[in-house]
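K.L.:
My structure is stored as target-v5.cif, with mmCIF, N, CA and C atoms.
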data_work
loop_
_atom_site.label_atom_id
_atom_site.label_comp_id
_atom_site.auth_asym_id
_atom_site.auth_seq_id
_atom_site.Cartn_x
_atom_site.Cartn_y
_atom_site.Cartn_z
N VAL L 24 -141.08 45.35 84.91
CA VAL L 24 -140.04 44.88 85.80
C VAL L 24 -140.61 43.77 86.67
N LEU L 25 -139.95 42.63 86.66
CA LEU L 25 -140.32 41.54 87.57
C LEU L 25 -139.41 41.61 88.77
N TYR L 26 -140.00 41.82 89.95
CA TYR L 26 -139.23 41.89 91.20
C TYR L 26 -139.52 40.66 92.04
N VAL L 27 -138.46 39.98 92.47
CA VAL L 27 -138.58 38.74 93.21
C VAL L 27 -137.91 38.89 94.57
N ASP L 28 -138.68 38.62 95.62
CA ASP L 28 -138.16 38.71 96.99
C ASP L 28 -139.08 37.88 97.87
N ASP L 29 -138.51 37.12 98.79
CA ASP L 29 -139.34 36.28 99.66
C ASP L 29 -139.94 37.06 100.83
N GLU L 30 -139.59 38.33 100.98
CA GLU L 30 -140.12 39.17 102.05
C GLU L 30 -141.23 40.07 101.48
N PRO L 31 -142.49 39.84 101.88
CA PRO L 31 -143.60 40.64 101.36
C PRO L 31 -143.41 42.15 101.54
N ILE L 32 -142.81 42.57 102.65
CA ILE L 32 -142.60 44.01 102.89
C ILE L 32 -141.67 44.60 101.84
N ASN L 33 -140.65 43.83 101.42
CA ASN L 33 -139.73 44.31 100.38
C ASN L 33 -140.43 44.40 99.03
N LEU L 34 -141.31 43.46 98.75
CA LEU L 34 -142.09 43.50 97.51
C LEU L 34 -142.94 44.77 97.46
N ASP L 35 -143.61 45.05 98.58
CA ASP L 35 -144.47 46.23 98.63
C ASP L 35 -143.66 47.52 98.53
N LEU L 36 -142.52 47.58 99.22
CA LEU L 36 -141.66 48.76 99.18
C LEU L 36 -141.18 49.03 97.75
N PHE L 37 -140.76 47.97 97.06
CA PHE L 37 -140.30 48.11 95.68
C PHE L 37 -141.43 48.63 94.80
N GLU L 38 -142.60 48.03 94.94
CA GLU L 38 -143.74 48.43 94.12
C GLU L 38 -144.10 49.90 94.36
N ILE L 39 -144.16 50.31 95.61
CA ILE L 39 -144.49 51.70 95.94
C ILE L 39 -143.42 52.65 95.41
N SER L 40 -142.16 52.23 95.51
CA SER L 40 -141.05 53.07 95.06
C SER L 40 -141.06 53.32 93.56
N PHE L 41 -141.53 52.32 92.80
CA PHE L 41 -141.39 52.41 91.34
C PHE L 41 -142.70 52.36 90.56
N MET L 42 -143.84 52.40 91.25
CA MET L 42 -145.11 52.24 90.54
C MET L 42 -145.38 53.37 89.55
N ASN L 43 -144.77 54.53 89.73
CA ASN L 43 -144.95 55.63 88.78
C ASN L 43 -143.93 55.59 87.65
N ASP L 44 -142.95 54.70 87.75
CA ASP L 44 -141.88 54.60 86.76
C ASP L 44 -142.01 53.38 85.85
N PHE L 45 -142.46 52.26 86.41
CA PHE L 45 -142.49 50.99 85.68
C PHE L 45 -143.75 50.22 86.03
N ARG L 46 -144.11 49.30 85.16
CA ARG L 46 -145.12 48.31 85.51
C ARG L 46 -144.39 47.25 86.32
N VAL L 47 -144.74 47.09 87.59
CA VAL L 47 -144.05 46.18 88.49
C VAL L 47 -144.88 44.92 88.68
N ILE L 48 -144.24 43.79 88.42
CA ILE L 48 -144.84 42.49 88.71
C ILE L 48 -144.03 41.89 89.85
N LYS L 49 -144.72 41.40 90.88
CA LYS L 49 -144.03 40.90 92.07
C LYS L 49 -144.17 39.38 92.18
N SER L 50 -143.13 38.78 92.74
CA SER L 50 -143.16 37.34 93.01
C SER L 50 -142.40 37.05 94.29
N GLU L 51 -142.94 36.12 95.10
CA GLU L 51 -142.32 35.76 96.36
C GLU L 51 -141.35 34.59 96.27
N SER L 52 -141.21 33.99 95.08
CA SER L 52 -140.28 32.86 94.97
C SER L 52 -139.68 32.79 93.57
N GLY L 53 -138.51 32.18 93.51
CA GLY L 53 -137.85 32.00 92.22
C GLY L 53 -138.67 31.14 91.28
N GLN L 54 -139.27 30.10 91.80
CA GLN L 54 -140.06 29.19 90.96
C GLN L 54 -141.26 29.91 90.35
N ASP L 55 -141.98 30.67 91.18
CA ASP L 55 -143.12 31.43 90.67
C ASP L 55 -142.66 32.47 89.65
N ALA L 56 -141.53 33.12 89.94
CA ALA L 56 -140.99 34.13 89.03
C ALA L 56 -140.66 33.53 87.68
N LEU L 57 -140.12 32.33 87.68
CA LEU L 57 -139.77 31.66 86.43
C LEU L 57 -141.03 31.42 85.59
N GLU L 58 -142.10 31.00 86.22
CA GLU L 58 -143.37 30.80 85.51
C GLU L 58 -143.90 32.12 84.95
N ILE L 59 -143.82 33.18 85.75
CA ILE L 59 -144.25 34.50 85.28
C ILE L 59 -143.40 34.91 84.08
N PHE L 60 -142.09 34.70 84.18
CA PHE L 60 -141.17 35.08 83.11
C PHE L 60 -141.52 34.36 81.80
N LYS L 61 -141.89 33.09 81.91
CA LYS L 61 -142.23 32.31 80.72
C LYS L 61 -143.53 32.78 80.06
N GLN L 62 -144.44 33.36 80.86
CA GLN L 62 -145.77 33.71 80.36
C GLN L 62 -145.98 35.20 80.09
N THR L 63 -145.05 36.04 80.50
CA THR L 63 -145.25 37.48 80.46
C THR L 63 -144.03 38.15 79.83
N GLN L 64 -144.27 39.22 79.09
CA GLN L 64 -143.16 40.01 78.54
C GLN L 64 -142.52 40.79 79.69
N ILE L 65 -141.31 40.42 80.03
CA ILE L 65 -140.56 41.08 81.11
C ILE L 65 -139.35 41.77 80.49
N ASP L 66 -139.18 43.05 80.81
CA ASP L 66 -138.03 43.79 80.29
C ASP L 66 -136.79 43.59 81.16
N VAL L 67 -136.99 43.62 82.48
CA VAL L 67 -135.87 43.52 83.42
C VAL L 67 -136.30 42.67 84.61
N LEU L 68 -135.39 41.79 85.05
CA LEU L 68 -135.59 41.01 86.27
C LEU L 68 -134.74 41.64 87.37
N VAL L 69 -135.38 41.92 88.50
CA VAL L 69 -134.67 42.35 89.71
C VAL L 69 -134.99 41.30 90.76
N THR L 70 -133.94 40.68 91.31
CA THR L 70 -134.18 39.61 92.26
C THR L 70 -133.31 39.73 93.50
N ASP L 71 -133.88 39.32 94.61
CA ASP L 71 -133.13 39.20 95.85
C ASP L 71 -132.17 38.02 95.71
N LEU L 72 -131.09 38.04 96.44
CA LEU L 72 -130.13 36.94 96.39
C LEU L 72 -130.59 35.76 97.24
N LYS L 73 -130.79 36.00 98.53
CA LYS L 73 -131.06 34.91 99.47
C LYS L 73 -132.56 34.69 99.62
N MET L 74 -133.00 33.56 99.06
CA MET L 74 -134.40 33.16 99.16
C MET L 74 -134.45 31.66 99.35
N PRO L 75 -135.45 31.15 100.06
CA PRO L 75 -135.57 29.70 100.19
C PRO L 75 -135.90 29.05 98.85
N GLY L 76 -135.53 27.81 98.70
CA GLY L 76 -135.80 27.10 97.44
C GLY L 76 -134.78 27.51 96.40
N MET L 77 -135.19 28.36 95.49
CA MET L 77 -134.32 28.84 94.42
C MET L 77 -133.79 30.23 94.79
N ASP L 78 -132.46 30.35 94.91
CA ASP L 78 -131.91 31.67 95.23
C ASP L 78 -131.82 32.54 93.98
N GLY L 79 -131.42 33.78 94.16
CA GLY L 79 -131.38 34.72 93.05
C GLY L 79 -130.43 34.33 91.93
N ILE L 80 -129.28 33.77 92.27
CA ILE L 80 -128.31 33.35 91.25
C ILE L 80 -128.90 32.22 90.40
N GLU L 81 -129.50 31.25 91.05
CA GLU L 81 -130.11 30.14 90.32
C GLU L 81 -131.23 30.64 89.41
N LEU L 82 -132.04 31.58 89.91
CA LEU L 82 -133.11 32.16 89.09
C LEU L 82 -132.53 32.87 87.88
N ILE L 83 -131.50 33.67 88.09
CA ILE L 83 -130.88 34.39 86.97
C ILE L 83 -130.33 33.40 85.94
N LYS L 84 -129.70 32.34 86.38
CA LYS L 84 -129.18 31.33 85.44
C LYS L 84 -130.31 30.74 84.61
N LYS L 85 -131.44 30.46 85.24
CA LYS L 85 -132.57 29.88 84.51
C LYS L 85 -133.19 30.89 83.54
N VAL L 86 -133.29 32.13 83.96
CA VAL L 86 -133.81 33.18 83.07
C VAL L 86 -132.88 33.34 81.87
N LYS L 87 -131.57 33.36 82.12
CA LYS L 87 -130.60 33.51 81.04
C LYS L 87 -130.63 32.32 80.08
N SER L 88 -130.97 31.13 80.59
CA SER L 88 -131.08 29.97 79.70
C SER L 88 -132.29 30.10 78.77
N LEU L 89 -133.29 30.87 79.20
CA LEU L 89 -134.47 31.12 78.37
C LEU L 89 -134.28 32.33 77.45
N ASP L 90 -133.53 33.32 77.92
CA ASP L 90 -133.30 34.54 77.14
C ASP L 90 -131.95 35.12 77.54
N GLN L 91 -130.94 34.78 76.78
CA GLN L 91 -129.55 35.18 77.07
C GLN L 91 -129.38 36.69 77.14
N LYS L 92 -130.21 37.44 76.42
CA LYS L 92 -130.06 38.89 76.37
C LYS L 92 -130.78 39.63 77.50
N LYS L 93 -131.55 38.90 78.29
CA LYS L 93 -132.31 39.56 79.36
C LYS L 93 -131.36 40.06 80.44
N ASN L 94 -131.49 41.35 80.80
CA ASN L 94 -130.66 41.92 81.85
C ASN L 94 -131.29 41.68 83.21
N CYS L 95 -130.44 41.27 84.15
CA CYS L 95 -130.89 40.91 85.50
C CYS L 95 -130.10 41.70 86.54
N ILE L 96 -130.81 42.23 87.51
CA ILE L 96 -130.20 42.98 88.60
C ILE L 96 -130.35 42.18 89.87
N LEU L 97 -129.25 41.99 90.57
CA LEU L 97 -129.25 41.25 91.84
C LEU L 97 -129.28 42.27 92.98
N LEU L 98 -130.27 42.17 93.82
CA LEU L 98 -130.48 43.09 94.93
C LEU L 98 -130.33 42.30 96.22
N THR L 99 -129.42 42.71 97.10
CA THR L 99 -129.19 41.92 98.29
C THR L 99 -128.79 42.77 99.49
N GLY L 100 -129.10 42.28 100.66
CA GLY L 100 -128.70 42.92 101.91
C GLY L 100 -127.37 42.41 102.40
N PHE L 101 -126.77 41.48 101.68
CA PHE L 101 -125.53 40.85 102.12
C PHE L 101 -124.43 41.07 101.09
N TYR L 102 -123.27 41.54 101.55
CA TYR L 102 -122.13 41.67 100.66
C TYR L 102 -121.54 40.28 100.47
N GLU L 103 -121.53 39.81 99.25
CA GLU L 103 -121.05 38.47 98.93
C GLU L 103 -119.85 38.59 97.99
N GLU L 104 -118.65 38.65 98.56
CA GLU L 104 -117.45 38.85 97.75
C GLU L 104 -117.26 37.74 96.72
N ASN L 105 -117.60 36.51 97.10
CA ASN L 105 -117.43 35.39 96.17
C ASN L 105 -118.31 35.55 94.92
N ILE L 106 -119.46 36.21 95.06
CA ILE L 106 -120.34 36.45 93.91
C ILE L 106 -119.77 37.58 93.05
N ILE L 107 -119.36 38.65 93.70
CA ILE L 107 -118.84 39.82 92.98
C ILE L 107 -117.61 39.43 92.16
N LYS L 108 -116.79 38.53 92.68
CA LYS L 108 -115.53 38.21 92.02
C LYS L 108 -115.60 36.98 91.12
N ASP L 109 -116.68 36.23 91.16
CA ASP L 109 -116.81 35.03 90.32
C ASP L 109 -117.12 35.46 88.89
N PRO L 110 -116.20 35.19 87.94
CA PRO L 110 -116.41 35.67 86.56
C PRO L 110 -117.68 35.12 85.91
N GLU L 111 -118.03 33.88 86.19
CA GLU L 111 -119.24 33.29 85.58
C GLU L 111 -120.48 34.02 86.08
N ILE L 112 -120.57 34.20 87.39
CA ILE L 112 -121.74 34.88 87.96
C ILE L 112 -121.75 36.34 87.55
N LYS L 113 -120.60 36.99 87.58
CA LYS L 113 -120.48 38.39 87.20
C LYS L 113 -120.99 38.62 85.78
N SER L 114 -120.74 37.66 84.90
CA SER L 114 -121.17 37.80 83.50
C SER L 114 -122.69 37.69 83.36
N LEU L 115 -123.36 37.11 84.33
CA LEU L 115 -124.82 36.94 84.27
C LEU L 115 -125.58 38.15 84.79
N ILE L 116 -124.92 38.93 85.65
CA ILE L 116 -125.60 40.00 86.38
C ILE L 116 -125.29 41.36 85.74
N PHE L 117 -126.35 42.10 85.44
CA PHE L 117 -126.18 43.45 84.89
C PHE L 117 -125.65 44.39 85.96
N LYS L 118 -126.27 44.37 87.14
CA LYS L 118 -125.82 45.18 88.27
C LYS L 118 -126.05 44.41 89.57
N TYR L 119 -125.20 44.68 90.53
CA TYR L 119 -125.29 44.12 91.88
C TYR L 119 -125.56 45.30 92.80
N VAL L 120 -126.73 45.31 93.46
CA VAL L 120 -127.15 46.47 94.25
C VAL L 120 -127.39 46.03 95.69
N MET L 121 -126.84 46.81 96.62
CA MET L 121 -127.03 46.52 98.04
C MET L 121 -128.33 47.14 98.56
N LYS L 122 -129.00 46.39 99.47
CA LYS L 122 -130.14 46.93 100.20
C LYS L 122 -129.59 47.67 101.42
N PRO L 123 -130.22 48.72 101.87
CA PRO L 123 -131.38 49.33 101.23
C PRO L 123 -130.94 50.08 99.97
N PHE L 124 -131.71 49.92 98.90
CA PHE L 124 -131.33 50.55 97.64
C PHE L 124 -131.64 52.04 97.68
N LYS L 125 -130.90 52.77 96.87
CA LYS L 125 -131.18 54.19 96.65
C LYS L 125 -132.11 54.25 95.44
N ARG L 126 -133.29 54.79 95.63
CA ARG L 126 -134.34 54.75 94.61
C ARG L 126 -133.85 55.27 93.26
N GLU L 127 -133.24 56.44 93.25
CA GLU L 127 -132.82 57.03 91.97
C GLU L 127 -131.75 56.19 91.28
N GLN L 128 -130.83 55.66 92.05
CA GLN L 128 -129.77 54.82 91.47
C GLN L 128 -130.37 53.55 90.87
N LEU L 129 -131.26 52.89 91.61
CA LEU L 129 -131.86 51.66 91.10
C LEU L 129 -132.76 51.97 89.90
N ARG L 130 -133.48 53.07 89.91
CA ARG L 130 -134.31 53.45 88.75
C ARG L 130 -133.42 53.63 87.51
N LYS L 131 -132.27 54.27 87.70
CA LYS L 131 -131.33 54.46 86.59
C LYS L 131 -130.84 53.11 86.06
N PHE L 132 -130.49 52.19 86.96
CA PHE L 132 -130.01 50.87 86.55
C PHE L 132 -131.10 50.10 85.80
N ILE L 133 -132.34 50.18 86.27
CA ILE L 133 -133.44 49.48 85.61
C ILE L 133 -133.64 50.05 84.20
N ASN L 134 -133.61 51.37 84.09
CA ASN L 134 -133.74 51.99 82.76
C ASN L 134 -132.62 51.57 81.83
N GLU L 135 -131.38 51.53 82.33
CA GLU L 135 -130.24 51.10 81.52
C GLU L 135 -130.41 49.64 81.12
N ALA L 136 -130.88 48.81 82.04
CA ALA L 136 -131.05 47.38 81.74
C ALA L 136 -132.13 47.15 80.69
N ALA L 137 -133.13 48.01 80.68
CA ALA L 137 -134.23 47.85 79.73
C ALA L 137 -133.84 48.29 78.32
N ASP L 138 -132.84 49.15 78.20
CA ASP L 138 -132.43 49.66 76.88
C ASP L 138 -131.64 48.65 76.07
#
Do you think you could lay out the structure here as structure tokens?
P.N.:
Amino acid sequence: VLYVDDEPINLDLFEISFMNDFRVIKSESGQDALEIFKQTQIDVLVTDLKMPGMDGIELIKKVKSLDQKKNCILLTGFYEENIIKDPEIKSLIFKYVMKPFKREQLRKFINEAAD
């Protein structure tokens, strides 16, 4: 699982939450995540929405351009109705999860996305 978030504390929390379930690779930016994605076998991308530089939607679009079948989960602390209702964006995202995430629910979504 590649987890992308510009907040180091969120990266650490995610890693601690799932280190016994998945191999977690962390990235603090969309650009770095894209390079990791190109060089590493990634089963599922989990990304924060709001990040400086490249936001989560832009990252997902770039990942999908490289691998259309890759499932991506958008994790955000902000309810964005325009994203939830936009058919183009909705078609790119496997799941939209609000922070703070519920560990068991997110683990289930990651497992489903990997299958």
K.L.:
List the residues sitting within 8 Å of (-124.3, 37.3, 82.3) in the file's frame, using all atoms listed in the file, as a VMD selection string.
P.N.:
chain L and resid 87 91 93 to 95 110 to 117
K.L.:
Name the closest residue to Ile65 in chain L among the candidates L:Asn134, L:Phe41, L:Ile107, L:Leu25; distances are taken between atoms, counting all atoms listed in the file.
P.N.:
L:Leu25
K.L.:
Excluding range 120-122 of chain L and any residue of its chain fewer than 4 positions from it, enumerate the residues within 8 Å of it, using only N, CA and C atoms, and give them as a list in words.
P.N.:
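What passes the distance filter is Ile96, Leu97, Leu98, Thr99, Gly100, Phe101, Tyr102 and Leu129 of chain L.
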K.L.:
In Å to one decimal, how far is atom C of Lys49 in chain L from atom C of Asp29 in chain L?
P.N.:
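Interatomic distance, atom C of Asp29 in chain L to atom C of Lys49 in chain L: 9.9 Å.
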K.L.:
Go through chain L and collect every residue that DSSP, computed from the backbone, puts in strand (DSSP E or B); the answer should be as a PyMOL selection string.
P.N.:
chain L and resi 25-27+48-50+67-71+94-99+118-121
K.L.:
What's the separation between atom C of Asp28 in chain L and atom N of Glu51 in chain L, in Å to one decimal place?
P.N.:
5.1 Å
K.L.:
I need every residue sitting at most 10 Å from the point (-137.7, 42.3, 84.1) (coordinates as in the file, only C-alpha atoms considered), written as a ChimeraX atom specification.
P.N.:
/L:24-27,46-48,60,63-70,86,93-96,133,136-137
K.L.:
Convert the current residue selection to file output with N, CA and C atoms, as a PDB file, keeping the file's coordinate frame.
P.N.:
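Saved the output as part13.pdb:
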ATOM      1  N   VAL L  24    -141.080  45.350  84.910  1.00  0.00           N
ATOM      2  CA  VAL L  24    -140.040  44.880  85.800  1.00  0.00           C
ATOM      3  C   VAL L  24    -140.610  43.770  86.670  1.00  0.00           C
ATOM      4  N   LEU L  25    -139.950  42.630  86.660  1.00  0.00           N
ATOM      5  CA  LEU L  25    -140.320  41.540  87.570  1.00  0.00           C
ATOM      6  C   LEU L  25    -139.410  41.610  88.770  1.00  0.00           C
ATOM      7  N   TYR L  26    -140.000  41.820  89.950  1.00  0.00           N
ATOM      8  CA  TYR L  26    -139.230  41.890  91.200  1.00  0.00           C
ATOM      9  C   TYR L  26    -139.520  40.660  92.040  1.00  0.00           C
ATOM     10  N   VAL L  27    -138.460  39.980  92.470  1.00  0.00           N
ATOM     11  CA  VAL L  27    -138.580  38.740  93.210  1.00  0.00           C
ATOM     12  C   VAL L  27    -137.910  38.890  94.570  1.00  0.00           C
ATOM     13  N   ARG L  46    -144.110  49.300  85.160  1.00  0.00           N
ATOM     14  CA  ARG L  46    -145.120  48.310  85.510  1.00  0.00           C
ATOM     15  C   ARG L  46    -144.390  47.250  86.320  1.00  0.00           C
ATOM     16  N   VAL L  47    -144.740  47.090  87.590  1.00  0.00           N
ATOM     17  CA  VAL L  47    -144.050  46.180  88.490  1.00  0.00           C
ATOM     18  C   VAL L  47    -144.880  44.920  88.680  1.00  0.00           C
ATOM     19  N   ILE L  48    -144.240  43.790  88.420  1.00  0.00           N
ATOM     20  CA  ILE L  48    -144.840  42.490  88.710  1.00  0.00           C
ATOM     21  C   ILE L  48    -144.030  41.890  89.850  1.00  0.00           C
ATOM     22  N   PHE L  60    -142.090  34.700  84.180  1.00  0.00           N
ATOM     23  CA  PHE L  60    -141.170  35.080  83.110  1.00  0.00           C
ATOM     24  C   PHE L  60    -141.520  34.360  81.800  1.00  0.00           C
ATOM     25  N   THR L  63    -145.050  36.040  80.500  1.00  0.00           N
ATOM     26  CA  THR L  63    -145.250  37.480  80.460  1.00  0.00           C
ATOM     27  C   THR L  63    -144.030  38.150  79.830  1.00  0.00           C
ATOM     28  N   GLN L  64    -144.270  39.220  79.090  1.00  0.00           N
ATOM     29  CA  GLN L  64    -143.160  40.010  78.540  1.00  0.00           C
ATOM     30  C   GLN L  64    -142.520  40.790  79.690  1.00  0.00           C
ATOM     31  N   ILE L  65    -141.310  40.420  80.030  1.00  0.00           N
ATOM     32  CA  ILE L  65    -140.560  41.080  81.110  1.00  0.00           C
ATOM     33  C   ILE L  65    -139.350  41.770  80.490  1.00  0.00           C
ATOM     34  N   ASP L  66    -139.180  43.050  80.810  1.00  0.00           N
ATOM     35  CA  ASP L  66    -138.030  43.790  80.290  1.00  0.00           C
ATOM     36  C   ASP L  66    -136.790  43.590  81.160  1.00  0.00           C
ATOM     37  N   VAL L  67    -136.990  43.620  82.480  1.00  0.00           N
ATOM     38  CA  VAL L  67    -135.870  43.520  83.420  1.00  0.00           C
ATOM     39  C   VAL L  67    -136.300  42.670  84.610  1.00  0.00           C
ATOM     40  N   LEU L  68    -135.390  41.790  85.050  1.00  0.00           N
ATOM     41  CA  LEU L  68    -135.590  41.010  86.270  1.00  0.00           C
ATOM     42  C   LEU L  68    -134.740  41.640  87.370  1.00  0.00           C
ATOM     43  N   VAL L  69    -135.380  41.920  88.500  1.00  0.00           N
ATOM     44  CA  VAL L  69    -134.670  42.350  89.710  1.00  0.00           C
ATOM     45  C   VAL L  69    -134.990  41.300  90.760  1.00  0.00           C
ATOM     46  N   THR L  70    -133.940  40.680  91.310  1.00  0.00           N
ATOM     47  CA  THR L  70    -134.180  39.610  92.260  1.00  0.00           C
ATOM     48  C   THR L  70    -133.310  39.730  93.500  1.00  0.00           C
ATOM     49  N   VAL L  86    -133.290  32.130  83.960  1.00  0.00           N
ATOM     50  CA  VAL L  86    -133.810  33.180  83.070  1.00  0.00           C
ATOM     51  C   VAL L  86    -132.880  33.340  81.870  1.00  0.00           C
ATOM     52  N   LYS L  93    -131.550  38.900  78.290  1.00  0.00           N
ATOM     53  CA  LYS L  93    -132.310  39.560  79.360  1.00  0.00           C
ATOM     54  C   LYS L  93    -131.360  40.060  80.440  1.00  0.00           C
ATOM     55  N   ASN L  94    -131.490  41.350  80.800  1.00  0.00           N
ATOM     56  CA  ASN L  94    -130.660  41.920  81.850  1.00  0.00           C
ATOM     57  C   ASN L  94    -131.290  41.680  83.210  1.00  0.00           C
ATOM     58  N   CYS L  95    -130.440  41.270  84.150  1.00  0.00           N
ATOM     59  CA  CYS L  95    -130.890  40.910  85.500  1.00  0.00           C
ATOM     60  C   CYS L  95    -130.100  41.700  86.540  1.00  0.00           C
ATOM     61  N   ILE L  96    -130.810  42.230  87.510  1.00  0.00           N
ATOM     62  CA  ILE L  96    -130.200  42.980  88.600  1.00  0.00           C
ATOM     63  C   ILE L  96    -130.350  42.180  89.870  1.00  0.00           C
ATOM     64  N   ILE L 133    -132.340  50.180  86.270  1.00  0.00           N
ATOM     65  CA  ILE L 133    -133.440  49.480  85.610  1.00  0.00           C
ATOM     66  C   ILE L 133    -133.640  50.050  84.200  1.00  0.00           C
ATOM     67  N   ALA L 136    -130.880  48.810  82.040  1.00  0.00           N
ATOM     68  CA  ALA L 136    -131.050  47.380  81.740  1.00  0.00           C
ATOM     69  C   ALA L 136    -132.130  47.150  80.690  1.00  0.00           C
ATOM     70  N   ALA L 137    -133.130  48.010  80.680  1.00  0.00           N
ATOM     71  CA  ALA L 137    -134.230  47.850  79.730  1.00  0.00           C
ATOM     72  C   ALA L 137    -133.840  48.290  78.320  1.00  0.00           C
TER      73      ALA L 137
END
K.L.:
Enter the distance from CA of Leu89 in chain L to CA of Met74 in chain L, in Å, rounded to one decimal.
P.N.:
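Those two atoms sit 20.9 Å apart.
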K.L.:
Go through L:Lys85, L:Gly76, L:Ile106, L:Asp44 and flag the residue nearest Lys61 in chain L, using only C-alpha atoms for the distances.
P.N.:
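Once distances to Lys61 in chain L are computed over only C-alpha atoms, the minimum belongs to L:Lys85.
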K.L.:
DSSP on the backbone: which residues in chain L end up as helix (DSSP H, G or I)? Give the answer as number ranges by chain.
P.N.:
L: 31-41, 53-62, 79-89, 104-108, 110-115, 126-137
K.L.:
Please write the residues picked by the PyMOL selection byres ((chain L and resi 53) around 7) on this file as a PyMOL selection string.
P.N.:
chain L and resi 27-28+50-52+54-58+75-79+82
K.L.:
Given the selection you just returned, output its residues as a file containing N, CA and C atoms, formatted as a compact mmCIF listing (two decimals), keeping the file's coordinate frame.
P.N.:
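After the write, result_20.txt holds the following:
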# COMPACT_ATOMS: atom_id res chain seq x y z
N VAL L 27 -138.46 39.98 92.47
CA VAL L 27 -138.58 38.74 93.21
C VAL L 27 -137.91 38.89 94.57
N ASP L 28 -138.68 38.62 95.62
CA ASP L 28 -138.16 38.71 96.99
C ASP L 28 -139.08 37.88 97.87
N SER L 50 -143.13 38.78 92.74
CA SER L 50 -143.16 37.34 93.01
C SER L 50 -142.40 37.05 94.29
N GLU L 51 -142.94 36.12 95.10
CA GLU L 51 -142.32 35.76 96.36
C GLU L 51 -141.35 34.59 96.27
N SER L 52 -141.21 33.99 95.08
CA SER L 52 -140.28 32.86 94.97
C SER L 52 -139.68 32.79 93.57
N GLN L 54 -139.27 30.10 91.80
CA GLN L 54 -140.06 29.19 90.96
C GLN L 54 -141.26 29.91 90.35
N ASP L 55 -141.98 30.67 91.18
CA ASP L 55 -143.12 31.43 90.67
C ASP L 55 -142.66 32.47 89.65
N ALA L 56 -141.53 33.12 89.94
CA ALA L 56 -140.99 34.13 89.03
C ALA L 56 -140.66 33.53 87.68
N LEU L 57 -140.12 32.33 87.68
CA LEU L 57 -139.77 31.66 86.43
C LEU L 57 -141.03 31.42 85.59
N GLU L 58 -142.10 31.00 86.22
CA GLU L 58 -143.37 30.80 85.51
C GLU L 58 -143.90 32.12 84.95
N PRO L 75 -135.45 31.15 100.06
CA PRO L 75 -135.57 29.70 100.19
C PRO L 75 -135.90 29.05 98.85
N GLY L 76 -135.53 27.81 98.70
CA GLY L 76 -135.80 27.10 97.44
C GLY L 76 -134.78 27.51 96.40
N MET L 77 -135.19 28.36 95.49
CA MET L 77 -134.32 28.84 94.42
C MET L 77 -133.79 30.23 94.79
N ASP L 78 -132.46 30.35 94.91
CA ASP L 78 -131.91 31.67 95.23
C ASP L 78 -131.82 32.54 93.98
N GLY L 79 -131.42 33.78 94.16
CA GLY L 79 -131.38 34.72 93.05
C GLY L 79 -130.43 34.33 91.93
N LEU L 82 -132.04 31.58 89.91
CA LEU L 82 -133.11 32.16 89.09
C LEU L 82 -132.53 32.87 87.88
